[in-house]
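Remarks on the structure that follows.
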Amino acid sequence: MISPETAEPRILDAAEALFYGRGIQAVGMAEIRSASGVSLKRLYQLFPSKGELIQAYLRRRDIRWRRKLAAYAEAQATPEERVLAVFDWLHEWFGEPDFRGCAFSNSFGELGATSSAVAETARAHKEAFFRYLGELTAAAGKPASLGDHLALLAEGAIATAAITGSAEPALRAKAAARVLLEAA
């Protein structure tokens with residue numbers, strides 16, 4: 001029997017693996033129930049609709065993704081190294097065996113036109129990422145607007161890595177980021 005304290009994390013873990021791995025629309029609540037080992041009754045008590053589960057999955061992923069990125073970047077010695085570390089972190093992420101691109105871009109592509117909640121969550125994630133790169137570039141004594149350029153490089157690398165199945169785009173984006181940092 002699954003305890004009430006572990007039911008929600010188990011459901012979210014199962015939802016994340018299935019939604020990210022196969023796509024949100026391809027996965028039903030019964031599959032999440034089976035993968036999590038939580039009863040369907042408990043699943044619906046915690047998440048009364050699939051839409052609410054999707055939002056919880058995306059919110060949790062956003063928090064974890066941004067925390068991991070920040071911890072990696074902030075471990076670097078200088079502000080410039082912190083900016084470039086973003087691309088090193090992306091390179092590591094792209095190399096993970098289950099990498100399927102950006103969960104927020106994927107969810108927006110699937111549901112953004114029909115779910116304002118998904119569209120809003122995806123936009124908020126991207127805005128936070130752009131803001132974070134702006135903060136890093138400002139801390140490096142560079143124009144905060146450079147953060148937008150670097151974020152676009154990162155976004156392009158994420159999409160390209162997902163499509164090609166290669167971690168290499170992060171290294172090419174890092175080389176371009178270095179040129180932009182030096183020129184700013």
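Residue numbers start at 1 in each chain; chains themselves are named A, B, ... in the order of the structure tokens; ligands are numbered from 1 in the order shown.
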- Message: Using only C-alpha atoms, which protein or nucleic acid residues come within 8 Å of Ile54 in chain A? Drop anything in the same chain fewer than 6 positions from it, and give the result as a list in words.
- Response: Ala15, Ile24 and Val118 of chain A
Could you save those same residues with N, CA and C atoms as an mmCIF file, in the first residue's frame?
```cif
data_model
loop_
_atom_site.group_PDB
_atom_site.id
_atom_site.type_symbol
_atom_site.label_atom_id
_atom_site.label_comp_id
_atom_site.auth_asym_id
_atom_site.auth_seq_id
_atom_site.Cartn_x
_atom_site.Cartn_y
_atom_site.Cartn_z
ATOM 1 N N ALA A 15 4.099 10.638 -14.166
ATOM 2 C CA ALA A 15 3.612 11.581 -15.178
ATOM 3 C C ALA A 15 4.774 12.202 -15.935
ATOM 4 N N ILE A 24 2.324 14.367 -23.968
ATOM 5 C CA ILE A 24 1.205 14.489 -23.036
ATOM 6 C C ILE A 24 -0.054 13.831 -23.582
ATOM 7 N N VAL A 118 -1.298 25.738 -20.170
ATOM 8 C CA VAL A 118 -0.020 25.202 -20.660
ATOM 9 C C VAL A 118 0.772 26.302 -21.348
#
```
Dump as a Markdown table the rows for residues of range 90-109 of chain A within 12 Å of range 123-128 of chain A: closest atom pair and distance in Å with one decimal, only C-alpha atoms counted, ordered by chain and rising residue number.
```
| residue | atom | partner | partner_atom | distance |
| --- | --- | --- | --- | --- |
| A:Cys102 | CA | A:Lys126 | CA | 10.1 |
| A:Ala103 | CA | A:His125 | CA | 10.1 |
| A:Phe104 | CA | A:His125 | CA | 7.3 |
| A:Ser105 | CA | A:Lys126 | CA | 9.0 |
| A:Ser107 | CA | A:Arg123 | CA | 11.0 |
| A:Phe108 | CA | A:Arg123 | CA | 8.8 |
```
Can you write just those residues out, N, CA and C atoms, as a compact mmCIF listing (two decimals), in the first residue's frame?
```
# COMPACT_ATOMS: atom_id res chain seq x y z
N CYS A 102 13.07 20.35 -24.78
CA CYS A 102 12.47 21.17 -23.72
C CYS A 102 11.04 20.72 -23.46
N ALA A 103 10.76 20.32 -22.23
CA ALA A 103 9.41 19.88 -21.87
C ALA A 103 8.39 21.00 -22.09
N PHE A 104 8.82 22.24 -21.96
CA PHE A 104 7.91 23.38 -22.08
C PHE A 104 7.61 23.66 -23.55
N SER A 105 8.62 23.59 -24.39
CA SER A 105 8.38 23.73 -25.83
C SER A 105 7.54 22.56 -26.35
N SER A 107 5.38 20.71 -24.61
CA SER A 107 4.00 20.83 -24.14
C SER A 107 3.27 21.96 -24.86
N PHE A 108 3.99 23.05 -25.13
CA PHE A 108 3.38 24.15 -25.88
C PHE A 108 3.02 23.69 -27.29
```
Could you make a table, as CSV, of the residues of range 103-158 of chain A that have an atom within 8 Å of an atom of range 70-80 of chain A, each with its nearest atom pair and distance in Å to one decimal, counting only C-alpha atoms, in chain and number order?
```
residue,atom,partner,partner_atom,distance
A:Leu136,CA,A:Pro79,CA,6.7
A:Thr137,CA,A:Glu80,CA,7.6
A:Ala139,CA,A:Pro79,CA,6.0
A:Ala140,CA,A:Pro79,CA,4.7
```
Output N, CA and C atoms for every residue in the selection just made, as a CSV table (one decimal), in the first residue's frame.
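selection07.csv written:
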```
chain,number,residue,atom,x,y,z
A,136,LEU,N,22.8,36.9,-15.2
A,136,LEU,CA,24.2,36.5,-15.3
A,136,LEU,C,25.1,37.4,-16.2
A,137,THR,N,24.6,37.9,-17.3
A,137,THR,CA,25.4,38.8,-18.1
A,137,THR,C,25.6,40.2,-17.4
A,139,ALA,N,25.8,40.6,-14.2
A,139,ALA,CA,26.8,40.3,-13.2
A,139,ALA,C,28.2,40.3,-13.7
A,140,ALA,N,28.3,39.9,-15.0
A,140,ALA,CA,29.5,39.9,-15.7
A,140,ALA,C,29.9,41.3,-16.3
```
- Have a look at A:His91, A:Arg100, A:Lys41, A:Arg66 and name the one nearest to Pro169 in chain A; count only C-alpha atoms. A:His91
- Task: Could you check which of A:Ile32, A:Ala17, A:Ala26, A:Leu90 is closest to Ala167 in chain A, using only C-alpha atoms?
- Result: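 The answer is A:Leu90, which sits nearest to Ala167 in chain A.
Using only C-alpha atoms for every distance, the candidate list A:Ser145, A:Gln45, A:Thr6, A:Ser116 yields A:Ser145 as the residue closest to Phe130 in chain A.
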- For Gly37 in chain A, list every protein, DNA or RNA residue within 10 Å, evaluated using only C-alpha atoms, and leave out those in the same chain fewer than 2 positions away; present the list as number ranges by chain. A: 1-2, 7, 10-11, 14, 31-35, 39-40, 43
- Report as a PyMOL selection string: the residues of chain A with a DSSP assignment of helix (DSSP H, G or I), based on the backbone of this structure. chain A and resi 4-22+29-36+40-46+50-74+79-94+103-111+116-139+145-164+168-183
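Using only C-alpha atoms, the shortest contact distance between Glu96 in chain A and any of A:Ser166, A:Ser49, A:Thr114, A:Thr160 is found at A:Ser166.
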- Message: Between A:Ala184, A:Leu111, A:Leu69, A:Ile158, which residue has the minimum interatomic distance to Phe129 in chain A, considering only C-alpha atoms?
- Response: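 Among A:Ala184, A:Leu111, A:Leu69, A:Ile158, it is A:Leu69 that comes nearest to Phe129 in chain A.
Candidate residues A:Asp13, A:Gly141, A:Ala85, A:Gln25 were compared for distance to Gly109 in chain A, and the nearest is A:Gln25, using only C-alpha atoms.
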- Task: Please measure the separation of CA of Val38 in chain A and CA of Thr121 in chain A, giving the value in Å to one decimal.
- Result: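 These atoms are spaced 26.2 Å apart.
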